[in-house]
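File shown: upload.cif (mmCIF, N, CA and C atoms and all ligand atoms).
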```cif
data_final
#
loop_
_atom_site.label_atom_id
_atom_site.label_comp_id
_atom_site.auth_asym_id
_atom_site.auth_seq_id
_atom_site.Cartn_x
_atom_site.Cartn_y
_atom_site.Cartn_z
N MET U 30 86.44 65.82 138.07
CA MET U 30 87.12 64.54 137.77
C MET U 30 87.23 63.71 139.05
N THR U 31 86.89 62.44 138.97
CA THR U 31 87.00 61.60 140.16
C THR U 31 88.46 61.20 140.39
N LEU U 32 88.72 60.77 141.61
CA LEU U 32 90.07 60.28 141.95
C LEU U 32 90.49 59.19 140.97
N PHE U 33 89.58 58.28 140.66
CA PHE U 33 89.94 57.18 139.77
C PHE U 33 90.12 57.68 138.34
N ALA U 34 89.37 58.69 137.93
CA ALA U 34 89.57 59.27 136.58
C ALA U 34 90.99 59.85 136.48
N LYS U 35 91.46 60.44 137.58
CA LYS U 35 92.83 61.00 137.59
C LYS U 35 93.87 59.88 137.50
N ILE U 36 93.61 58.76 138.17
CA ILE U 36 94.52 57.61 138.08
C ILE U 36 94.52 57.08 136.65
N ILE U 37 93.33 56.95 136.05
CA ILE U 37 93.22 56.43 134.68
C ILE U 37 93.97 57.34 133.71
N ALA U 38 93.88 58.64 133.95
CA ALA U 38 94.55 59.62 133.07
C ALA U 38 96.04 59.74 133.36
N GLY U 39 96.51 59.06 134.42
CA GLY U 39 97.93 59.11 134.76
C GLY U 39 98.32 60.36 135.55
N GLU U 40 97.32 61.08 136.06
CA GLU U 40 97.60 62.31 136.81
C GLU U 40 97.93 62.05 138.27
N ILE U 41 97.50 60.88 138.77
CA ILE U 41 97.81 60.47 140.14
C ILE U 41 98.47 59.10 140.02
N PRO U 42 99.60 58.89 140.74
CA PRO U 42 100.28 57.60 140.60
C PRO U 42 99.47 56.45 141.18
N ALA U 43 99.57 55.31 140.56
CA ALA U 43 98.94 54.08 141.06
C ALA U 43 99.69 52.93 140.42
N GLN U 44 99.56 51.76 141.05
CA GLN U 44 100.18 50.55 140.50
C GLN U 44 99.20 49.94 139.51
N ILE U 45 99.28 50.41 138.28
CA ILE U 45 98.36 49.93 137.25
C ILE U 45 98.82 48.54 136.78
N VAL U 46 97.90 47.58 136.81
CA VAL U 46 98.25 46.21 136.42
C VAL U 46 97.63 45.83 135.08
N TYR U 47 96.68 46.62 134.61
CA TYR U 47 96.03 46.32 133.32
C TYR U 47 95.33 47.59 132.84
N GLN U 48 95.38 47.82 131.52
CA GLN U 48 94.62 48.94 130.96
C GLN U 48 94.29 48.64 129.50
N ASP U 49 93.05 48.91 129.10
CA ASP U 49 92.68 48.84 127.69
C ASP U 49 91.72 49.99 127.39
N GLU U 50 91.04 49.92 126.26
CA GLU U 50 90.21 51.05 125.85
C GLU U 50 88.94 51.20 126.71
N LEU U 51 88.60 50.18 127.48
CA LEU U 51 87.35 50.23 128.26
C LEU U 51 87.57 50.29 129.77
N VAL U 52 88.61 49.63 130.25
CA VAL U 52 88.80 49.53 131.71
C VAL U 52 90.27 49.70 132.10
N THR U 53 90.46 50.05 133.37
CA THR U 53 91.81 50.14 133.96
C THR U 53 91.77 49.41 135.29
N ALA U 54 92.85 48.68 135.60
CA ALA U 54 92.93 47.97 136.88
C ALA U 54 94.20 48.38 137.60
N PHE U 55 94.08 48.63 138.90
CA PHE U 55 95.24 49.04 139.69
C PHE U 55 95.08 48.51 141.11
N ARG U 56 96.21 48.41 141.82
CA ARG U 56 96.19 47.86 143.18
C ARG U 56 95.57 48.86 144.16
N ASP U 57 94.71 48.32 145.04
CA ASP U 57 94.09 49.16 146.07
C ASP U 57 95.17 49.69 147.01
N ILE U 58 95.04 50.96 147.39
CA ILE U 58 96.05 51.61 148.23
C ILE U 58 96.03 51.07 149.66
N ALA U 59 94.92 50.49 150.07
CA ALA U 59 94.78 49.93 151.42
C ALA U 59 94.26 48.49 151.31
N PRO U 60 95.14 47.57 150.88
CA PRO U 60 94.67 46.21 150.54
C PRO U 60 94.07 45.47 151.73
N GLN U 61 92.95 44.81 151.47
CA GLN U 61 92.25 44.02 152.50
C GLN U 61 92.60 42.53 152.39
N ALA U 62 93.43 42.18 151.42
CA ALA U 62 93.81 40.79 151.21
C ALA U 62 95.11 40.82 150.40
N PRO U 63 95.85 39.69 150.34
CA PRO U 63 97.12 39.68 149.59
C PRO U 63 96.95 40.20 148.16
N THR U 64 95.85 39.83 147.49
CA THR U 64 95.51 40.46 146.21
C THR U 64 94.29 41.34 146.44
N HIS U 65 94.43 42.63 146.14
CA HIS U 65 93.29 43.55 146.20
C HIS U 65 93.48 44.55 145.06
N ILE U 66 92.76 44.28 143.99
CA ILE U 66 92.87 45.10 142.78
C ILE U 66 91.51 45.74 142.51
N LEU U 67 91.52 46.98 142.06
CA LEU U 67 90.29 47.66 141.64
C LEU U 67 90.25 47.67 140.12
N ILE U 68 89.13 47.26 139.57
CA ILE U 68 88.94 47.24 138.12
C ILE U 68 87.85 48.26 137.82
N VAL U 69 88.18 49.24 136.99
CA VAL U 69 87.37 50.45 136.88
C VAL U 69 87.06 50.74 135.41
N PRO U 70 85.80 51.01 135.07
CA PRO U 70 85.53 51.46 133.70
C PRO U 70 86.22 52.80 133.45
N ASN U 71 86.80 52.99 132.27
CA ASN U 71 87.47 54.27 131.99
C ASN U 71 86.47 55.42 132.01
N LYS U 72 85.23 55.12 131.63
CA LYS U 72 84.17 56.13 131.70
C LYS U 72 83.72 56.25 133.17
N ALA U 73 83.63 57.48 133.65
CA ALA U 73 83.28 57.70 135.06
C ALA U 73 81.78 57.56 135.29
N ILE U 74 81.35 56.35 135.58
CA ILE U 74 79.96 56.08 135.98
C ILE U 74 79.96 56.18 137.51
N ALA U 75 79.09 56.99 138.09
CA ALA U 75 79.19 57.24 139.54
C ALA U 75 78.88 55.99 140.36
N THR U 76 77.75 55.37 140.11
CA THR U 76 77.34 54.21 140.91
C THR U 76 76.62 53.21 140.00
N VAL U 77 76.32 52.05 140.55
CA VAL U 77 75.54 51.06 139.78
C VAL U 77 74.19 51.66 139.39
N ASN U 78 73.65 52.55 140.21
CA ASN U 78 72.36 53.18 139.89
C ASN U 78 72.42 54.02 138.61
N ASP U 79 73.61 54.39 138.20
CA ASP U 79 73.77 55.27 137.03
C ASP U 79 74.11 54.51 135.75
N VAL U 80 74.18 53.20 135.85
CA VAL U 80 74.54 52.38 134.69
C VAL U 80 73.43 52.42 133.64
N THR U 81 73.83 52.46 132.36
CA THR U 81 72.85 52.35 131.27
C THR U 81 73.28 51.20 130.35
N ALA U 82 72.40 50.87 129.43
CA ALA U 82 72.68 49.74 128.53
C ALA U 82 73.94 49.99 127.71
N THR U 83 74.27 51.25 127.43
CA THR U 83 75.48 51.53 126.64
C THR U 83 76.76 51.17 127.41
N ASP U 84 76.64 51.01 128.71
CA ASP U 84 77.81 50.67 129.54
C ASP U 84 78.07 49.16 129.58
N GLU U 85 77.17 48.38 128.98
CA GLU U 85 77.29 46.93 129.11
C GLU U 85 78.63 46.38 128.62
N PRO U 86 79.19 46.86 127.49
CA PRO U 86 80.51 46.32 127.09
C PRO U 86 81.59 46.57 128.14
N ALA U 87 81.64 47.75 128.69
CA ALA U 87 82.68 48.06 129.70
C ALA U 87 82.45 47.24 130.97
N LEU U 88 81.20 47.09 131.36
CA LEU U 88 80.92 46.36 132.60
C LEU U 88 81.16 44.86 132.41
N GLY U 89 80.88 44.35 131.26
CA GLY U 89 81.21 42.95 130.96
C GLY U 89 82.72 42.75 130.99
N ARG U 90 83.45 43.74 130.49
CA ARG U 90 84.92 43.69 130.48
C ARG U 90 85.48 43.58 131.90
N LEU U 91 84.79 44.17 132.88
CA LEU U 91 85.28 44.06 134.27
C LEU U 91 85.46 42.59 134.64
N PHE U 92 84.53 41.74 134.20
CA PHE U 92 84.59 40.33 134.56
C PHE U 92 85.69 39.59 133.81
N THR U 93 85.85 39.87 132.52
CA THR U 93 86.89 39.14 131.79
C THR U 93 88.28 39.57 132.27
N VAL U 94 88.40 40.83 132.65
CA VAL U 94 89.70 41.30 133.18
C VAL U 94 89.92 40.73 134.59
N ALA U 95 88.86 40.66 135.39
CA ALA U 95 88.98 40.05 136.73
C ALA U 95 89.47 38.61 136.60
N GLN U 96 88.90 37.89 135.65
CA GLN U 96 89.28 36.48 135.43
C GLN U 96 90.76 36.37 135.05
N LYS U 97 91.19 37.25 134.14
CA LYS U 97 92.58 37.26 133.68
C LYS U 97 93.53 37.61 134.84
N LEU U 98 93.18 38.62 135.61
CA LEU U 98 94.05 39.05 136.70
C LEU U 98 94.09 38.00 137.81
N ALA U 99 92.97 37.35 138.07
CA ALA U 99 92.94 36.30 139.09
C ALA U 99 93.91 35.19 138.70
N ALA U 100 93.92 34.83 137.42
CA ALA U 100 94.85 33.79 136.94
C ALA U 100 96.29 34.28 137.11
N GLN U 101 96.56 35.53 136.70
CA GLN U 101 97.90 36.10 136.81
C GLN U 101 98.40 36.14 138.25
N GLU U 102 97.47 36.41 139.17
CA GLU U 102 97.83 36.52 140.59
C GLU U 102 97.95 35.15 141.26
N GLY U 103 97.56 34.11 140.52
CA GLY U 103 97.64 32.75 141.06
C GLY U 103 96.53 32.42 142.04
N ILE U 104 95.39 33.09 141.94
CA ILE U 104 94.30 32.87 142.91
C ILE U 104 93.06 32.28 142.24
N ALA U 105 93.15 31.97 140.95
CA ALA U 105 91.95 31.50 140.24
C ALA U 105 91.43 30.19 140.83
N GLU U 106 92.33 29.25 141.05
CA GLU U 106 91.90 27.93 141.55
C GLU U 106 91.45 28.01 143.00
N GLY U 107 92.21 28.71 143.81
CA GLY U 107 91.88 28.82 145.24
C GLY U 107 90.59 29.59 145.44
N GLY U 108 90.37 30.57 144.60
CA GLY U 108 89.12 31.35 144.66
C GLY U 108 89.36 32.78 145.08
N TYR U 109 88.35 33.58 144.83
CA TYR U 109 88.45 35.02 145.09
C TYR U 109 87.05 35.60 145.17
N ARG U 110 86.99 36.87 145.48
CA ARG U 110 85.68 37.54 145.62
C ARG U 110 85.70 38.83 144.80
N LEU U 111 84.59 39.08 144.11
CA LEU U 111 84.40 40.32 143.36
C LEU U 111 83.30 41.12 144.05
N ILE U 112 83.57 42.39 144.32
CA ILE U 112 82.61 43.22 145.06
C ILE U 112 82.42 44.54 144.33
N VAL U 113 81.16 44.96 144.22
CA VAL U 113 80.85 46.31 143.73
C VAL U 113 79.94 46.95 144.78
N ASN U 114 80.43 47.96 145.45
CA ASN U 114 79.65 48.66 146.47
C ASN U 114 78.83 49.78 145.83
N CYS U 115 77.63 50.02 146.36
CA CYS U 115 76.80 51.11 145.84
C CYS U 115 76.26 51.97 146.98
N ASN U 116 76.65 53.25 146.92
CA ASN U 116 76.12 54.27 147.85
C ASN U 116 76.42 53.97 149.32
N ARG U 117 75.82 54.71 150.21
CA ARG U 117 76.20 54.73 151.63
C ARG U 117 76.06 53.36 152.29
N ASP U 118 74.90 52.75 152.17
CA ASP U 118 74.72 51.47 152.86
C ASP U 118 75.58 50.38 152.26
N GLY U 119 75.94 50.53 151.01
CA GLY U 119 76.83 49.56 150.36
C GLY U 119 78.29 49.79 150.71
N GLY U 120 78.59 50.92 151.37
CA GLY U 120 79.97 51.22 151.77
C GLY U 120 80.80 51.84 150.67
N GLN U 121 80.15 52.45 149.67
CA GLN U 121 80.91 53.06 148.58
C GLN U 121 81.56 54.36 149.05
N GLU U 122 82.86 54.49 148.76
CA GLU U 122 83.60 55.70 149.17
C GLU U 122 84.02 56.54 147.97
N VAL U 123 84.30 55.88 146.87
CA VAL U 123 84.72 56.60 145.66
C VAL U 123 83.61 56.46 144.62
N PHE U 124 83.08 57.61 144.18
CA PHE U 124 81.90 57.58 143.32
C PHE U 124 82.28 57.55 141.84
N HIS U 125 83.00 56.49 141.53
CA HIS U 125 83.38 56.11 140.17
C HIS U 125 83.32 54.58 140.24
N LEU U 126 82.28 54.04 139.64
CA LEU U 126 82.00 52.60 139.77
C LEU U 126 83.28 51.77 139.61
N HIS U 127 83.45 50.78 140.48
CA HIS U 127 84.64 49.93 140.42
C HIS U 127 84.33 48.58 141.00
N MET U 128 85.06 47.58 140.52
CA MET U 128 84.95 46.22 141.03
C MET U 128 86.20 45.91 141.84
N HIS U 129 86.02 45.42 143.06
CA HIS U 129 87.15 44.95 143.88
C HIS U 129 87.41 43.48 143.53
N LEU U 130 88.66 43.14 143.28
CA LEU U 130 89.09 41.74 143.13
C LEU U 130 89.94 41.42 144.36
N LEU U 131 89.42 40.52 145.20
CA LEU U 131 90.08 40.19 146.47
C LEU U 131 90.39 38.70 146.53
N GLY U 132 91.59 38.35 146.97
CA GLY U 132 91.92 36.95 147.12
C GLY U 132 93.29 36.77 147.73
N GLY U 133 93.69 35.49 147.81
CA GLY U 133 95.01 35.18 148.37
C GLY U 133 94.94 34.75 149.82
N ARG U 134 93.74 34.76 150.39
CA ARG U 134 93.53 34.21 151.73
C ARG U 134 92.05 33.81 151.82
N ARG U 135 91.71 33.04 152.86
CA ARG U 135 90.31 32.71 153.11
C ARG U 135 89.60 34.01 153.48
N LEU U 136 88.60 34.38 152.72
CA LEU U 136 87.96 35.68 152.93
C LEU U 136 86.86 35.63 153.98
N GLY U 137 86.44 34.44 154.38
CA GLY U 137 85.48 34.33 155.47
C GLY U 137 84.07 34.69 155.05
N ALA U 138 83.24 34.96 156.06
CA ALA U 138 81.82 35.24 155.81
C ALA U 138 81.69 36.43 154.87
N MET U 139 80.67 36.41 154.04
CA MET U 139 80.56 37.45 153.03
C MET U 139 80.29 38.82 153.64
N LEU U 140 79.46 38.86 154.66
CA LEU U 140 79.10 40.16 155.24
C LEU U 140 79.55 40.23 156.69
N ARG U 141 80.15 41.35 157.02
CA ARG U 141 80.57 41.61 158.39
C ARG U 141 80.01 42.96 158.78
N GLY U 142 79.56 43.11 160.01
CA GLY U 142 78.98 44.39 160.45
C GLY U 142 80.06 45.45 160.58
N GLU U 143 79.67 46.61 161.03
CA GLU U 143 80.60 47.73 161.20
C GLU U 143 81.65 47.41 162.26
P1 LIG A 1 84.69 51.67 147.81
O1 LIG A 1 84.51 51.71 149.29
O2 LIG A 1 84.04 50.47 147.18
O3 LIG A 1 84.28 52.98 147.16
O4 LIG A 1 86.23 51.45 147.58
C1 LIG A 1 87.14 52.49 147.38
C2 LIG A 1 88.51 51.87 147.43
O5 LIG A 1 89.43 52.75 146.85
C3 LIG A 1 89.00 51.57 148.84
O6 LIG A 1 89.28 50.16 148.98
C4 LIG A 1 90.27 52.41 148.96
O7 LIG A 1 91.29 51.79 149.70
C5 LIG A 1 90.67 52.60 147.50
N1 LIG A 1 91.45 53.79 147.21
C6 LIG A 1 91.25 55.06 147.65
N2 LIG A 1 92.18 55.89 147.16
C7 LIG A 1 92.98 55.14 146.36
C8 LIG A 1 94.13 55.42 145.57
N3 LIG A 1 94.65 56.65 145.47
N4 LIG A 1 94.71 54.38 144.90
C9 LIG A 1 94.22 53.14 144.98
N5 LIG A 1 93.13 52.81 145.72
C10 LIG A 1 92.52 53.79 146.40
#
```
Translate the structure described by the file into C-alpha cells.
Amino acid sequence: MTLFAKIIAGEIPAQIVYQDELVTAFRDIAPQAPTHILIVPNKAIATVNDVTATDEPALGRLFTVAQKLAAQEGIAEGGYRLIVNCNRDGGQEVFHLHMHLLGGRRLGAMLRGE
C-alpha cells in the first residue's frame, strides 16, 4: 500500500480537503506555497507511465477538483500551477500518481535546477 493509499483509507492522518469516489485531495505536508494541495486518484496508479484508458475518468476528475479547490482557496483569478511529476528526472518521490495544486504567491519560472 502506498503512503497516499493509507491517507485515502484514513490509516494515516492528513488534512483532507475533498474526497469522492474517484479522487482524494489533501494538504501537502511540506507546502511550497500558501496553497499546496495534492489531488490523488483513489486507485493507486504508480506513475503517468502506468496510466491506461480506463483511468481517464479519474484523471479528468483531477482537473475539475483542482478548479473547484482553486476557487475555494481564492487563487483562481490570481492563478496557480498544476504539476504531475514522473519518475526520477521528474522529481517524483511518492509512487502513487498525484497532481500538485500550488498557488497564493508568484510562483516564478516554471523550472528551477537542483
Ligand atoms: P512528488 O515529489 O511529486 O512525488 O511529491 C510528493 C509530495 O508528497 C511532496 O510534496 C511531499 O511533501 C508530499 N508528502 C509526503 N508525505 C506526505 C504526507 N504524509 N502528507 C501529505 N503530503 C506528503
Exercise for review: Would you kindly return, as a list in words, each protein, DNA or RNA residue with an atom no farther than 9 Å from any atom of range 46-55 of chain U, considering only C-alpha atoms and excluding same-chain residues fewer than 5 positions away?
Suggested key: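 So, after excluding close chain neighbours, the residues are Ile36, Ile37, His65, Ile66, Leu67, Ile68, Val69, Pro70, Asn71, Lys72, Pro86, Ala87, Leu88, Arg90, Leu91, Val94, Ala95 and Leu98 of chain U.
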Which residues of chain U come within 7 Å of ligand LIG 1 (chain A), and for each one, what is the closest pair of atoms and their distance in Å to one decimal, counting only N, CA and C atoms and all ligand atoms, sorted by chain and residue number, as a Markdown table?
```
| residue | atom | partner | partner_atom | distance |
| --- | --- | --- | --- | --- |
| U:Leu32 | C | A:LIG1 | N3 | 6.6 |
| U:Pro42 | C | A:LIG1 | N4 | 6.4 |
| U:Ala43 | CA | A:LIG1 | N4 | 5.7 |
| U:Gln44 | N | A:LIG1 | N4 | 6.7 |
| U:Phe55 | C | A:LIG1 | C9 | 6.1 |
| U:Arg56 | C | A:LIG1 | C9 | 4.6 |
| U:Asp57 | CA | A:LIG1 | N5 | 3.8 |
| U:Ile58 | N | A:LIG1 | N5 | 3.1 |
| U:Ala59 | N | A:LIG1 | O7 | 3.9 |
| U:Pro60 | N | A:LIG1 | O7 | 5.8 |
| U:Gln61 | N | A:LIG1 | O6 | 6.9 |
| U:Ile112 | C | A:LIG1 | O2 | 6.8 |
| U:Val113 | C | A:LIG1 | O2 | 5.9 |
| U:Asn114 | N | A:LIG1 | O2 | 4.7 |
| U:Cys115 | N | A:LIG1 | O2 | 6.5 |
| U:Gly119 | C | A:LIG1 | O1 | 6.7 |
| U:Gly120 | C | A:LIG1 | O1 | 4.0 |
| U:Gln121 | C | A:LIG1 | O3 | 3.6 |
| U:Glu122 | N | A:LIG1 | O3 | 2.6 |
| U:Val123 | N | A:LIG1 | O3 | 2.9 |
| U:Phe124 | N | A:LIG1 | O3 | 5.6 |
| U:His125 | N | A:LIG1 | O3 | 6.8 |
| U:His127 | C | A:LIG1 | O2 | 6.5 |
| U:His129 | N | A:LIG1 | O2 | 6.8 |
```
Exercise for review: Output as a ChimeraX atom specification all residues of chain U that backbone DSSP marks as strand (DSSP E or B).
Suggested key: /U:45-48,52-56,64-70,109-112,128-132
Practice item. Do a neighbour search on Leu126 in chain U at 5 Å with all atoms listed in the file, toss out local chain neighbours closer than 5 positions, and write the hits as an NGL selection string. Key: :U and (74-76)
Just write the chosen residues, N, CA and C atoms, as a PDB file, in the frame of the given file.
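Printed below is out36.pdb as written:
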```pdb
ATOM      1  N   ILE U  74      81.350  56.350 135.580  1.00  0.00           N
ATOM      2  CA  ILE U  74      79.960  56.080 135.980  1.00  0.00           C
ATOM      3  C   ILE U  74      79.960  56.180 137.510  1.00  0.00           C
ATOM      4  N   ALA U  75      79.090  56.990 138.090  1.00  0.00           N
ATOM      5  CA  ALA U  75      79.190  57.240 139.540  1.00  0.00           C
ATOM      6  C   ALA U  75      78.880  55.990 140.360  1.00  0.00           C
ATOM      7  N   THR U  76      77.750  55.370 140.110  1.00  0.00           N
ATOM      8  CA  THR U  76      77.340  54.210 140.910  1.00  0.00           C
ATOM      9  C   THR U  76      76.620  53.210 140.000  1.00  0.00           C
TER      10      THR U  76
END
```
Check your understanding: atom C of Arg110 in chain U to atom C of Gly132 in chain U: how many Å, to one decimal?
Key ->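 Atom C of Gly132 in chain U lies 8.4 Å from atom C of Arg110 in chain U.
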Just list as a short mmCIF file (atom, residue, chain, number, x, y, z; two decimals) with N, CA and C atoms, keeping the file's coordinate frame whatever in chain U DSSP marks as helix (DSSP H, G or I).
```cif
data_model
loop_
_atom_site.label_atom_id
_atom_site.label_comp_id
_atom_site.auth_asym_id
_atom_site.auth_seq_id
_atom_site.Cartn_x
_atom_site.Cartn_y
_atom_site.Cartn_z
N LEU U 32 88.72 60.77 141.61
CA LEU U 32 90.07 60.28 141.95
C LEU U 32 90.49 59.19 140.97
N PHE U 33 89.58 58.28 140.66
CA PHE U 33 89.94 57.18 139.77
C PHE U 33 90.12 57.68 138.34
N ALA U 34 89.37 58.69 137.93
CA ALA U 34 89.57 59.27 136.58
C ALA U 34 90.99 59.85 136.48
N LYS U 35 91.46 60.44 137.58
CA LYS U 35 92.83 61.00 137.59
C LYS U 35 93.87 59.88 137.50
N ILE U 36 93.61 58.76 138.17
CA ILE U 36 94.52 57.61 138.08
C ILE U 36 94.52 57.08 136.65
N ILE U 37 93.33 56.95 136.05
CA ILE U 37 93.22 56.43 134.68
C ILE U 37 93.97 57.34 133.71
N VAL U 77 76.32 52.05 140.55
CA VAL U 77 75.54 51.06 139.78
C VAL U 77 74.19 51.66 139.39
N ASN U 78 73.65 52.55 140.21
CA ASN U 78 72.36 53.18 139.89
C ASN U 78 72.42 54.02 138.61
N ASP U 79 73.61 54.39 138.20
CA ASP U 79 73.77 55.27 137.03
C ASP U 79 74.11 54.51 135.75
N ALA U 82 72.40 50.87 129.43
CA ALA U 82 72.68 49.74 128.53
C ALA U 82 73.94 49.99 127.71
N THR U 83 74.27 51.25 127.43
CA THR U 83 75.48 51.53 126.64
C THR U 83 76.76 51.17 127.41
N ASP U 84 76.64 51.01 128.71
CA ASP U 84 77.81 50.67 129.54
C ASP U 84 78.07 49.16 129.58
N GLU U 85 77.17 48.38 128.98
CA GLU U 85 77.29 46.93 129.11
C GLU U 85 78.63 46.38 128.62
N PRO U 86 79.19 46.86 127.49
CA PRO U 86 80.51 46.32 127.09
C PRO U 86 81.59 46.57 128.14
N ALA U 87 81.64 47.75 128.69
CA ALA U 87 82.68 48.06 129.70
C ALA U 87 82.45 47.24 130.97
N LEU U 88 81.20 47.09 131.36
CA LEU U 88 80.92 46.36 132.60
C LEU U 88 81.16 44.86 132.41
N GLY U 89 80.88 44.35 131.26
CA GLY U 89 81.21 42.95 130.96
C GLY U 89 82.72 42.75 130.99
N ARG U 90 83.45 43.74 130.49
CA ARG U 90 84.92 43.69 130.48
C ARG U 90 85.48 43.58 131.90
N LEU U 91 84.79 44.17 132.88
CA LEU U 91 85.28 44.06 134.27
C LEU U 91 85.46 42.59 134.64
N PHE U 92 84.53 41.74 134.20
CA PHE U 92 84.59 40.33 134.56
C PHE U 92 85.69 39.59 133.81
N THR U 93 85.85 39.87 132.52
CA THR U 93 86.89 39.14 131.79
C THR U 93 88.28 39.57 132.27
N VAL U 94 88.40 40.83 132.65
CA VAL U 94 89.70 41.30 133.18
C VAL U 94 89.92 40.73 134.59
N ALA U 95 88.86 40.66 135.39
CA ALA U 95 88.98 40.05 136.73
C ALA U 95 89.47 38.61 136.60
N GLN U 96 88.90 37.89 135.65
CA GLN U 96 89.28 36.48 135.43
C GLN U 96 90.76 36.37 135.05
N LYS U 97 91.19 37.25 134.14
CA LYS U 97 92.58 37.26 133.68
C LYS U 97 93.53 37.61 134.84
N LEU U 98 93.18 38.62 135.61
CA LEU U 98 94.05 39.05 136.70
C LEU U 98 94.09 38.00 137.81
N ALA U 99 92.97 37.35 138.07
CA ALA U 99 92.94 36.30 139.09
C ALA U 99 93.91 35.19 138.70
N ALA U 100 93.92 34.83 137.42
CA ALA U 100 94.85 33.79 136.94
C ALA U 100 96.29 34.28 137.11
N GLN U 101 96.56 35.53 136.70
CA GLN U 101 97.90 36.10 136.81
C GLN U 101 98.40 36.14 138.25
N GLU U 102 97.47 36.41 139.17
CA GLU U 102 97.83 36.52 140.59
C GLU U 102 97.95 35.15 141.26
N ASN U 116 76.65 53.25 146.92
CA ASN U 116 76.12 54.27 147.85
C ASN U 116 76.42 53.97 149.32
N ARG U 117 75.82 54.71 150.21
CA ARG U 117 76.20 54.73 151.63
C ARG U 117 76.06 53.36 152.29
N ASP U 118 74.90 52.75 152.17
CA ASP U 118 74.72 51.47 152.86
C ASP U 118 75.58 50.38 152.26
N GLY U 119 75.94 50.53 151.01
CA GLY U 119 76.83 49.56 150.36
C GLY U 119 78.29 49.79 150.71
#
```
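Note that the spacing between atom C of Phe33 in chain U and atom C of Asn78 in chain U amounts to 18.1 Å.
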Review point. In Å, with one decimal, what is the gap from CA of Glu102 in chain U to CA of Thr64 in chain U?
Key: 7.2 Å
Study note, to complete from the structure: Residue with the minimum atom-to-atom distance to Met128 in chain U, picked from U:Glu106, U:Leu111, U:Asn116, U:Ile41 with only N, CA and C atoms counted, is U:Leu111
Check your understanding: Which polymer residues have any atom within 6.5 Å of an atom of Ile104 in chain U, counting all atoms listed in the file, with same-chain residues fewer than 5 positions away left out, as a VMD selection string?
Key -> chain U and resid 99 109 132 to 133
Check your understanding: Looking at U:Gly107, U:Thr93, U:Ala62, U:Ala73, which one is nearest to Leu130 in chain U, with distances taken over all atoms listed in the file?
Key -> U:Ala62
**Study point:** Nearest candidate to Leu136 in chain U (options U:Ile45, U:Asp84, U:Ala100, U:Gly108; using all atoms listed in the file)
**Key:** U:Gly108
